[in-house]
>>> print(open('target.txt').read())   # compact mmCIF, N, CA and C atoms and all ligand atoms
# COMPACT_ATOMS: atom_id res chain seq x y z
N MET O 1 58.49 116.91 106.28
CA MET O 1 59.87 117.15 105.94
C MET O 1 60.70 115.93 106.35
N SER O 2 61.60 115.51 105.46
CA SER O 2 62.46 114.37 105.79
C SER O 2 63.87 114.67 105.33
N LEU O 3 64.81 113.90 105.83
CA LEU O 3 66.21 114.08 105.45
C LEU O 3 66.52 113.22 104.24
N LYS O 4 67.32 113.78 103.33
CA LYS O 4 67.73 113.04 102.13
C LYS O 4 68.95 112.20 102.48
N VAL O 5 68.91 110.95 102.11
CA VAL O 5 70.03 110.06 102.36
C VAL O 5 70.64 109.70 101.01
N GLY O 6 71.94 109.92 100.86
CA GLY O 6 72.56 109.64 99.57
C GLY O 6 74.00 109.22 99.71
N ARG O 7 74.57 108.77 98.61
CA ARG O 7 75.94 108.30 98.58
C ARG O 7 76.87 109.46 98.27
N ASP O 8 77.92 109.60 99.07
CA ASP O 8 78.90 110.66 98.86
C ASP O 8 79.93 110.17 97.85
N VAL O 9 79.89 110.70 96.63
CA VAL O 9 80.80 110.24 95.59
C VAL O 9 82.01 111.14 95.45
N SER O 10 82.10 112.20 96.25
CA SER O 10 83.22 113.12 96.11
C SER O 10 84.50 112.56 96.72
N ASN O 11 84.38 111.63 97.63
CA ASN O 11 85.55 111.08 98.29
C ASN O 11 85.99 109.79 97.61
N ALA O 12 86.98 109.88 96.71
CA ALA O 12 87.47 108.72 95.99
C ALA O 12 88.31 107.85 96.93
N ARG O 13 88.09 106.56 96.86
CA ARG O 13 88.80 105.63 97.72
C ARG O 13 89.61 104.69 96.83
N ASP O 14 90.94 104.76 96.96
CA ASP O 14 91.82 103.95 96.14
C ASP O 14 91.88 102.53 96.71
N LEU O 15 91.47 101.57 95.89
CA LEU O 15 91.40 100.18 96.35
C LEU O 15 92.78 99.63 96.69
N ARG O 16 93.76 99.91 95.84
CA ARG O 16 95.10 99.36 96.05
C ARG O 16 95.72 99.89 97.35
N VAL O 17 95.59 101.18 97.58
CA VAL O 17 96.15 101.78 98.80
C VAL O 17 95.44 101.25 100.04
N SER O 18 94.12 101.14 99.96
CA SER O 18 93.39 100.68 101.14
C SER O 18 93.67 99.20 101.42
N LEU O 19 93.84 98.38 100.38
CA LEU O 19 94.18 96.97 100.61
C LEU O 19 95.57 96.83 101.23
N LYS O 20 96.50 97.67 100.79
CA LYS O 20 97.84 97.64 101.38
C LYS O 20 97.78 98.03 102.85
N ARG O 21 97.01 99.05 103.16
CA ARG O 21 96.86 99.46 104.56
C ARG O 21 96.16 98.36 105.36
N GLY O 22 95.18 97.73 104.76
CA GLY O 22 94.48 96.64 105.45
C GLY O 22 95.40 95.46 105.72
N ALA O 23 96.27 95.13 104.78
CA ALA O 23 97.22 94.04 104.99
C ALA O 23 98.20 94.35 106.12
N GLN O 24 98.42 95.64 106.36
CA GLN O 24 99.29 96.05 107.46
C GLN O 24 98.50 96.24 108.75
N CYS O 25 97.20 95.88 108.71
CA CYS O 25 96.30 96.02 109.85
C CYS O 25 96.17 97.48 110.29
N LYS O 26 96.23 98.38 109.32
CA LYS O 26 96.06 99.81 109.59
C LYS O 26 94.71 100.26 109.05
N CYS O 27 94.31 101.43 109.49
CA CYS O 27 93.04 101.99 109.05
C CYS O 27 93.06 102.23 107.54
N PRO O 28 92.02 101.82 106.81
CA PRO O 28 92.03 101.99 105.35
C PRO O 28 91.92 103.46 104.93
N GLN O 29 91.43 104.30 105.79
CA GLN O 29 91.25 105.70 105.42
C GLN O 29 92.51 106.53 105.65
N CYS O 30 93.11 106.43 106.84
CA CYS O 30 94.27 107.28 107.16
C CYS O 30 95.59 106.52 107.10
N GLY O 31 95.58 105.21 107.28
CA GLY O 31 96.80 104.42 107.24
C GLY O 31 97.64 104.54 108.49
N GLU O 32 97.14 105.20 109.51
CA GLU O 32 97.89 105.39 110.75
C GLU O 32 97.31 104.60 111.91
N GLY O 33 96.02 104.70 112.08
CA GLY O 33 95.37 104.05 113.21
C GLY O 33 95.28 102.55 113.05
N ARG O 34 95.12 101.86 114.16
CA ARG O 34 95.02 100.41 114.13
C ARG O 34 93.56 99.99 113.94
N VAL O 35 93.37 98.88 113.23
CA VAL O 35 92.03 98.38 112.96
C VAL O 35 91.59 97.41 114.04
N PHE O 36 92.54 96.65 114.59
CA PHE O 36 92.18 95.57 115.50
C PHE O 36 92.43 95.94 116.95
N HIS O 37 91.55 95.43 117.77
CA HIS O 37 91.69 95.48 119.22
C HIS O 37 91.89 94.04 119.66
N GLY O 38 93.13 93.66 119.95
CA GLY O 38 93.42 92.26 120.21
C GLY O 38 93.87 91.58 118.93
N TYR O 39 93.64 90.27 118.83
CA TYR O 39 94.12 89.54 117.66
C TYR O 39 93.22 89.75 116.44
N LEU O 40 91.92 89.58 116.59
CA LEU O 40 91.03 89.68 115.43
C LEU O 40 89.81 90.57 115.64
N LYS O 41 89.62 91.12 116.82
CA LYS O 41 88.44 91.94 117.08
C LYS O 41 88.64 93.33 116.48
N VAL O 42 87.72 93.71 115.61
CA VAL O 42 87.82 95.01 114.95
C VAL O 42 87.34 96.09 115.91
N ARG O 43 88.10 97.20 115.97
CA ARG O 43 87.75 98.32 116.83
C ARG O 43 86.44 98.97 116.38
N GLN O 44 85.83 99.71 117.27
CA GLN O 44 84.62 100.46 116.93
C GLN O 44 84.95 101.59 115.96
N SER O 45 86.12 102.22 116.16
CA SER O 45 86.51 103.32 115.29
C SER O 45 88.04 103.40 115.25
N CYS O 46 88.54 104.09 114.25
CA CYS O 46 89.99 104.26 114.10
C CYS O 46 90.50 105.13 115.26
N SER O 47 91.66 104.77 115.79
CA SER O 47 92.21 105.52 116.91
C SER O 47 92.80 106.85 116.47
N GLU O 48 93.05 107.03 115.20
CA GLU O 48 93.67 108.28 114.72
C GLU O 48 92.66 109.21 114.05
N CYS O 49 91.92 108.72 113.06
CA CYS O 49 91.02 109.60 112.30
C CYS O 49 89.56 109.46 112.72
N GLY O 50 89.25 108.47 113.53
CA GLY O 50 87.88 108.31 114.02
C GLY O 50 86.93 107.65 113.04
N LEU O 51 87.44 107.02 111.97
CA LEU O 51 86.58 106.33 111.02
C LEU O 51 85.76 105.27 111.74
N ASP O 52 84.46 105.30 111.53
CA ASP O 52 83.57 104.31 112.13
C ASP O 52 83.79 102.97 111.44
N LEU O 53 84.25 101.98 112.18
CA LEU O 53 84.54 100.66 111.60
C LEU O 53 83.43 99.66 111.88
N THR O 54 82.35 100.10 112.50
CA THR O 54 81.27 99.16 112.82
C THR O 54 80.52 98.63 111.60
N PRO O 55 80.50 99.34 110.45
CA PRO O 55 79.79 98.75 109.30
C PRO O 55 80.47 97.52 108.69
N GLN O 56 81.71 97.20 109.07
CA GLN O 56 82.39 96.07 108.45
C GLN O 56 81.68 94.77 108.78
N ARG O 57 81.63 93.88 107.78
CA ARG O 57 81.02 92.57 107.96
C ARG O 57 81.94 91.53 107.34
N ALA O 58 83.06 91.26 107.98
CA ALA O 58 84.00 90.28 107.44
C ALA O 58 83.47 88.86 107.65
N ASP O 59 82.83 88.62 108.78
CA ASP O 59 82.26 87.31 109.11
C ASP O 59 83.29 86.19 108.91
N ASP O 60 82.93 85.16 108.14
CA ASP O 60 83.83 84.01 107.95
C ASP O 60 84.69 84.13 106.69
N GLY O 61 84.57 85.22 105.96
CA GLY O 61 85.31 85.39 104.72
C GLY O 61 86.81 85.24 104.87
N PRO O 62 87.44 85.92 105.83
CA PRO O 62 88.90 85.77 105.98
C PRO O 62 89.31 84.33 106.27
N ALA O 63 88.54 83.62 107.06
CA ALA O 63 88.89 82.22 107.37
C ALA O 63 88.82 81.36 106.10
N TYR O 64 87.82 81.58 105.26
CA TYR O 64 87.73 80.81 104.01
C TYR O 64 88.92 81.10 103.10
N VAL O 65 89.31 82.35 102.99
CA VAL O 65 90.45 82.70 102.14
C VAL O 65 91.74 82.10 102.68
N VAL O 66 91.91 82.15 104.01
CA VAL O 66 93.12 81.58 104.61
C VAL O 66 93.15 80.07 104.42
N ILE O 67 92.03 79.41 104.58
CA ILE O 67 91.98 77.96 104.35
C ILE O 67 92.33 77.64 102.90
N LEU O 68 91.82 78.44 101.98
CA LEU O 68 92.13 78.23 100.56
C LEU O 68 93.64 78.38 100.29
N LEU O 69 94.23 79.45 100.81
CA LEU O 69 95.66 79.71 100.59
C LEU O 69 96.53 78.66 101.26
N VAL O 70 96.28 78.40 102.53
CA VAL O 70 97.12 77.47 103.28
C VAL O 70 96.94 76.04 102.74
N GLY O 71 95.73 75.69 102.38
CA GLY O 71 95.51 74.36 101.82
C GLY O 71 96.30 74.14 100.55
N HIS O 72 96.34 75.15 99.70
CA HIS O 72 97.12 75.01 98.46
C HIS O 72 98.61 75.00 98.74
N LEU O 73 99.08 75.88 99.62
CA LEU O 73 100.51 75.92 99.92
C LEU O 73 100.99 74.60 100.53
N VAL O 74 100.25 74.11 101.51
CA VAL O 74 100.65 72.87 102.17
C VAL O 74 100.46 71.69 101.21
N GLY O 75 99.42 71.71 100.43
CA GLY O 75 99.19 70.62 99.48
C GLY O 75 100.28 70.52 98.43
N PHE O 76 100.76 71.65 97.97
CA PHE O 76 101.83 71.61 96.96
C PHE O 76 103.20 71.29 97.56
N THR O 77 103.39 71.53 98.86
CA THR O 77 104.66 71.17 99.47
C THR O 77 104.68 69.72 99.96
N LEU O 78 103.52 69.08 100.01
CA LEU O 78 103.45 67.70 100.48
C LEU O 78 104.37 66.76 99.70
N PRO O 79 104.37 66.75 98.36
CA PRO O 79 105.27 65.84 97.65
C PRO O 79 106.75 66.14 97.93
N ILE O 80 107.07 67.40 98.10
CA ILE O 80 108.47 67.75 98.38
C ILE O 80 108.89 67.20 99.74
N PHE O 81 108.05 67.43 100.75
CA PHE O 81 108.36 66.91 102.08
C PHE O 81 108.38 65.39 102.07
N PHE O 82 107.44 64.79 101.37
CA PHE O 82 107.37 63.33 101.35
C PHE O 82 108.59 62.72 100.68
N GLU O 83 109.06 63.35 99.63
CA GLU O 83 110.24 62.85 98.94
C GLU O 83 111.50 63.02 99.79
N ALA O 84 111.57 64.15 100.51
CA ALA O 84 112.74 64.40 101.33
C ALA O 84 112.76 63.54 102.59
N MET O 85 111.58 63.21 103.14
CA MET O 85 111.52 62.45 104.39
C MET O 85 110.71 61.17 104.19
N ARG O 86 111.02 60.45 103.17
CA ARG O 86 110.26 59.26 102.81
C ARG O 86 110.28 58.19 103.90
N ASP O 87 111.35 58.13 104.67
CA ASP O 87 111.48 57.09 105.70
C ASP O 87 110.63 57.36 106.94
N ASP O 88 110.18 58.57 107.11
CA ASP O 88 109.46 58.90 108.34
C ASP O 88 108.18 59.69 108.02
N PRO O 89 107.10 59.02 107.66
CA PRO O 89 105.86 59.72 107.30
C PRO O 89 105.24 60.49 108.47
N LEU O 90 105.48 60.05 109.70
CA LEU O 90 104.96 60.78 110.84
C LEU O 90 105.61 62.16 110.94
N LEU O 91 106.87 62.23 110.62
CA LEU O 91 107.57 63.53 110.63
C LEU O 91 107.01 64.44 109.53
N VAL O 92 106.67 63.87 108.38
CA VAL O 92 106.05 64.65 107.30
C VAL O 92 104.71 65.21 107.77
N ALA O 93 103.89 64.37 108.39
CA ALA O 93 102.57 64.81 108.85
C ALA O 93 102.69 65.89 109.92
N CYS O 94 103.59 65.69 110.86
CA CYS O 94 103.77 66.68 111.94
C CYS O 94 104.32 67.99 111.39
N SER O 95 105.27 67.91 110.47
CA SER O 95 105.86 69.12 109.90
C SER O 95 104.82 69.94 109.13
N LEU O 96 104.06 69.27 108.29
CA LEU O 96 103.07 70.00 107.49
C LEU O 96 101.91 70.50 108.34
N SER O 97 101.55 69.77 109.39
CA SER O 97 100.50 70.25 110.29
C SER O 97 100.97 71.52 111.01
N GLY O 98 102.20 71.50 111.48
CA GLY O 98 102.75 72.69 112.14
C GLY O 98 102.84 73.87 111.18
N LEU O 99 103.25 73.58 109.96
CA LEU O 99 103.32 74.63 108.94
C LEU O 99 101.95 75.23 108.67
N ALA O 100 100.94 74.36 108.60
CA ALA O 100 99.57 74.84 108.33
C ALA O 100 99.07 75.72 109.48
N VAL O 101 99.35 75.35 110.71
CA VAL O 101 98.89 76.15 111.85
C VAL O 101 99.60 77.50 111.87
N VAL O 102 100.91 77.50 111.68
CA VAL O 102 101.67 78.76 111.71
C VAL O 102 101.23 79.70 110.58
N LEU O 103 101.08 79.13 109.38
CA LEU O 103 100.66 79.96 108.24
C LEU O 103 99.25 80.52 108.46
N SER O 104 98.36 79.71 109.00
CA SER O 104 96.99 80.18 109.24
C SER O 104 96.97 81.33 110.24
N LEU O 105 97.69 81.17 111.33
CA LEU O 105 97.71 82.23 112.34
C LEU O 105 98.39 83.49 111.81
N ALA O 106 99.38 83.33 110.96
CA ALA O 106 100.08 84.49 110.42
C ALA O 106 99.25 85.23 109.37
N LEU O 107 98.44 84.50 108.61
CA LEU O 107 97.70 85.12 107.50
C LEU O 107 96.32 85.65 107.89
N LEU O 108 95.75 85.13 108.95
CA LEU O 108 94.36 85.48 109.27
C LEU O 108 94.18 86.96 109.55
N ARG O 109 95.06 87.55 110.30
CA ARG O 109 94.93 88.96 110.68
C ARG O 109 95.06 89.90 109.47
N PRO O 110 96.11 89.77 108.65
CA PRO O 110 96.19 90.66 107.48
C PRO O 110 95.06 90.44 106.48
N VAL O 111 94.61 89.20 106.33
CA VAL O 111 93.50 88.95 105.39
C VAL O 111 92.22 89.59 105.91
N LYS O 112 91.98 89.54 107.21
CA LYS O 112 90.80 90.20 107.75
C LYS O 112 90.91 91.72 107.60
N GLY O 113 92.11 92.25 107.81
CA GLY O 113 92.32 93.68 107.58
C GLY O 113 92.03 94.07 106.14
N MET O 114 92.40 93.20 105.21
CA MET O 114 92.13 93.46 103.80
C MET O 114 90.63 93.37 103.50
N PHE O 115 89.92 92.49 104.17
CA PHE O 115 88.47 92.41 104.00
C PHE O 115 87.81 93.72 104.44
N VAL O 116 88.22 94.22 105.60
CA VAL O 116 87.66 95.48 106.11
C VAL O 116 88.01 96.62 105.15
N ALA O 117 89.24 96.65 104.66
CA ALA O 117 89.66 97.70 103.74
C ALA O 117 88.91 97.62 102.42
N PHE O 118 88.69 96.41 101.93
CA PHE O 118 87.95 96.24 100.67
C PHE O 118 86.51 96.76 100.82
N GLN O 119 85.89 96.42 101.93
CA GLN O 119 84.52 96.89 102.15
C GLN O 119 84.48 98.41 102.25
N TRP O 120 85.49 98.99 102.88
CA TRP O 120 85.54 100.45 103.00
C TRP O 120 85.77 101.08 101.62
N ALA O 121 86.70 100.52 100.84
CA ALA O 121 87.02 101.10 99.54
C ALA O 121 85.85 101.00 98.57
N LYS O 122 85.08 99.95 98.65
CA LYS O 122 83.93 99.75 97.76
C LYS O 122 82.64 100.29 98.35
N GLU O 123 82.75 100.95 99.50
CA GLU O 123 81.59 101.56 100.17
C GLU O 123 80.49 100.55 100.42
N MET O 124 80.89 99.39 100.87
CA MET O 124 79.93 98.32 101.16
C MET O 124 79.47 98.41 102.61
N ASN O 125 78.32 97.83 102.87
CA ASN O 125 77.80 97.64 104.23
C ASN O 125 77.69 98.93 105.02
N GLY O 126 77.37 100.00 104.36
CA GLY O 126 77.15 101.25 105.08
C GLY O 126 78.37 102.11 105.22
N PHE O 127 79.54 101.72 104.68
CA PHE O 127 80.72 102.57 104.76
C PHE O 127 80.55 103.84 103.93
N GLY O 128 79.77 103.77 102.87
CA GLY O 128 79.65 104.93 102.00
C GLY O 128 78.40 105.76 102.22
N TRP O 129 77.50 105.28 103.05
CA TRP O 129 76.24 105.97 103.22
C TRP O 129 76.31 106.93 104.38
N ARG O 130 75.98 108.17 104.10
CA ARG O 130 75.96 109.19 105.14
C ARG O 130 74.68 109.98 105.00
N PRO O 131 74.05 110.27 106.09
CA PRO O 131 72.84 111.10 105.98
C PRO O 131 73.21 112.52 105.57
N SER O 132 72.49 113.05 104.65
CA SER O 132 72.71 114.41 104.21
C SER O 132 71.90 115.35 105.07
N ALA O 133 72.43 116.53 105.29
CA ALA O 133 71.74 117.50 106.13
C ALA O 133 70.72 118.31 105.34
N GLN O 134 70.64 118.05 104.02
CA GLN O 134 69.72 118.83 103.21
C GLN O 134 68.30 118.30 103.36
N PRO O 135 67.40 119.13 103.79
CA PRO O 135 66.00 118.68 103.92
C PRO O 135 65.35 118.57 102.55
N VAL O 136 64.51 117.59 102.40
CA VAL O 136 63.78 117.37 101.16
C VAL O 136 62.30 117.62 101.46
N THR O 137 61.74 118.49 100.69
CA THR O 137 60.31 118.77 100.88
C THR O 137 59.52 118.01 99.84
N ALA O 138 58.47 117.40 100.24
CA ALA O 138 57.68 116.61 99.33
C ALA O 138 56.38 117.27 98.97
ZN ZN K 201 92.04 106.12 110.48
>>> encode(input="target.txt", output="structure tokens")
Amino acid sequence: MSLKVGRDVSNARDLRVSLKRGAQCKCPQCGEGRVFHGYLKVRQSCSECGLDLTPQRADDGPAYVVILLVGHLVGFTLPIFFEAMRDDPLLVACSLSGLAVVLSLALLRPVKGMFVAFQWAKEMNGFGWRPSAQPVTA
């Protein structure tokens, strides 16, 4: 006798709602509990509904997305800053470097929350798999 393991399809997960909750660093399931413990460390479970958050595998994905976004934003503002401060290129470099650091730190947390929410909504990495209590006889 063994246990049947299957995907629970009865619980629909709205991607848009869960991404919005993830961007707010809230639990993708209930929208109340916090996802992070500290700046970027994901909690073991939601503090409100108890959703197990250990299946998440964000890894380096949020950092790549933030680098992509910040690189484009800073790259497109470079000509504007350079034209406005043409006489002082060091000021342009320092201003854009500071902007890049601030934007990166501001975006990393919500982007990681959205990664966790996306994985939960798409039932990736074990978020959707639950052991069924129904015994299967072979
Ligand atoms: Zn929750």
>>> residues_near_ligand(input="target.txt", ligand="ligand ZN 201 (chain K)", cutoff="9 Å", atoms="only C-alpha atoms and all ligand atoms", output="mmCIF file with N, CA and C atoms, in the coordinates of the input")
data_model
loop_
_atom_site.group_PDB
_atom_site.id
_atom_site.type_symbol
_atom_site.label_atom_id
_atom_site.label_comp_id
_atom_site.auth_asym_id
_atom_site.auth_seq_id
_atom_site.Cartn_x
_atom_site.Cartn_y
_atom_site.Cartn_z
ATOM 1 N N LYS O 26 96.230 98.380 109.320
ATOM 2 C CA LYS O 26 96.060 99.810 109.590
ATOM 3 C C LYS O 26 94.710 100.260 109.050
ATOM 4 N N CYS O 27 94.310 101.430 109.490
ATOM 5 C CA CYS O 27 93.040 101.990 109.050
ATOM 6 C C CYS O 27 93.060 102.230 107.540
ATOM 7 N N PRO O 28 92.020 101.820 106.810
ATOM 8 C CA PRO O 28 92.030 101.990 105.350
ATOM 9 C C PRO O 28 91.920 103.460 104.930
ATOM 10 N N GLN O 29 91.430 104.300 105.790
ATOM 11 C CA GLN O 29 91.250 105.700 105.420
ATOM 12 C C GLN O 29 92.510 106.530 105.650
ATOM 13 N N CYS O 30 93.110 106.430 106.840
ATOM 14 C CA CYS O 30 94.270 107.280 107.160
ATOM 15 C C CYS O 30 95.590 106.520 107.100
ATOM 16 N N GLY O 31 95.580 105.210 107.280
ATOM 17 C CA GLY O 31 96.800 104.420 107.240
ATOM 18 C C GLY O 31 97.640 104.540 108.490
ATOM 19 N N GLU O 32 97.140 105.200 109.510
ATOM 20 C CA GLU O 32 97.890 105.390 110.750
ATOM 21 C C GLU O 32 97.310 104.600 111.910
ATOM 22 N N GLY O 33 96.020 104.700 112.080
ATOM 23 C CA GLY O 33 95.370 104.050 113.210
ATOM 24 C C GLY O 33 95.280 102.550 113.050
ATOM 25 N N ARG O 34 95.120 101.860 114.160
ATOM 26 C CA ARG O 34 95.020 100.410 114.130
ATOM 27 C C ARG O 34 93.560 99.990 113.940
ATOM 28 N N VAL O 35 93.370 98.880 113.230
ATOM 29 C CA VAL O 35 92.030 98.380 112.960
ATOM 30 C C VAL O 35 91.590 97.410 114.040
ATOM 31 N N SER O 45 86.120 102.220 116.160
ATOM 32 C CA SER O 45 86.510 103.320 115.290
ATOM 33 C C SER O 45 88.040 103.400 115.250
ATOM 34 N N CYS O 46 88.540 104.090 114.250
ATOM 35 C CA CYS O 46 89.990 104.260 114.100
ATOM 36 C C CYS O 46 90.500 105.130 115.260
ATOM 37 N N SER O 47 91.660 104.770 115.790
ATOM 38 C CA SER O 47 92.210 105.520 116.910
ATOM 39 C C SER O 47 92.800 106.850 116.470
ATOM 40 N N GLU O 48 93.050 107.030 115.200
ATOM 41 C CA GLU O 48 93.670 108.280 114.720
ATOM 42 C C GLU O 48 92.660 109.210 114.050
ATOM 43 N N CYS O 49 91.920 108.720 113.060
ATOM 44 C CA CYS O 49 91.020 109.600 112.300
ATOM 45 C C CYS O 49 89.560 109.460 112.720
ATOM 46 N N GLY O 50 89.250 108.470 113.530
ATOM 47 C CA GLY O 50 87.880 108.310 114.020
ATOM 48 C C GLY O 50 86.930 107.650 113.040
ATOM 49 N N LEU O 51 87.440 107.020 111.970
ATOM 50 C CA LEU O 51 86.580 106.330 111.020
ATOM 51 C C LEU O 51 85.760 105.270 111.740
ATOM 52 N N ASP O 52 84.460 105.300 111.530
ATOM 53 C CA ASP O 52 83.570 104.310 112.130
ATOM 54 C C ASP O 52 83.790 102.970 111.440
#
>>> residues_near_point(input="target.txt", point="(93.7, 93.1, 97.2)", cutoff="10 Å", atoms="only C-alpha atoms", output="list of chain:residue names")
O:Leu15, O:Arg16, O:Val17, O:Ser18, O:Leu19, O:Lys20, O:Gly22, O:Ala23, O:Val111, O:Met114, O:Phe115, O:Ala117, O:Phe118
>>> atom_distance(input="target.txt", atom1="CA of Ala121 (chain O)", atom2="CA of Arg13 (chain O)")
5.2 Å
>>> residues_around(input="target.txt", residues="Ala58 (chain O)", least_positions_apart="5", cutoff="8 Å", atoms="only N, CA and C atoms", output="ChimeraX atom specification")
/O:63,112,115-116
>>> closest_residue(input="target.txt", among="O:Gly113, O:Asp14, O:Ser97, O:Leu107", to="Val74 (chain O)", atoms="all atoms listed in the file")
O:Ser97
>>> select_by_dssp(input="target.txt", residues="region 21-97 of chain O", states="alpha helix (DSSP H)", output="PyMOL selection string")
chain O and resi 21-23+61-84+89-97
>>> axis_aligned_box(input="target.txt", around="region 100-118 of chain O", padding_each_side="8 Å", output="AutoDock Vina command-line options")
--center_x 94.1 --center_y 86.0 --center_z 106.5 --size_x 31.2 --size_y 39.3 --size_z 27.7
>>> atom_distance(input="target.txt", atom1="atom N of Ala12 (chain O)", atom2="atom N of Phe36 (chain O)")
22.9 Å
>>> residues_near_point(input="target.txt", point="(83.3, 94.2, 111.7)", cutoff="8 Å", atoms="all atoms listed in the file", output="list of chain:residue names")
O:Lys41, O:Val42, O:Arg43, O:Leu53, O:Thr54, O:Pro55, O:Gln56, O:Arg57, O:Ala58, O:Asp59, O:Val116
>>> select_by_dssp(input="target.txt", residues="chain O", states="strand (DSSP E or B)", output="ChimeraX atom specification")
/O:2-7,26,34,36-37,41-42,45,52,129-136
>>> atom_distance(input="target.txt", atom1="atom N of Ala106 (chain O)", atom2="CA of Arg86 (chain O)")
27.6 Å
>>> closest_residue(input="target.txt", among="O:Pro110, O:Cys94, O:Leu103, O:Arg21", to="Leu69 (chain O)", atoms="only N, CA and C atoms")
O:Leu103
>>> closest_residue(input="target.txt", among="O:Ser104, O:Gln24, O:Ser95, O:Asn125", to="Tyr64 (chain O)", atoms="only C-alpha atoms")
O:Ser104
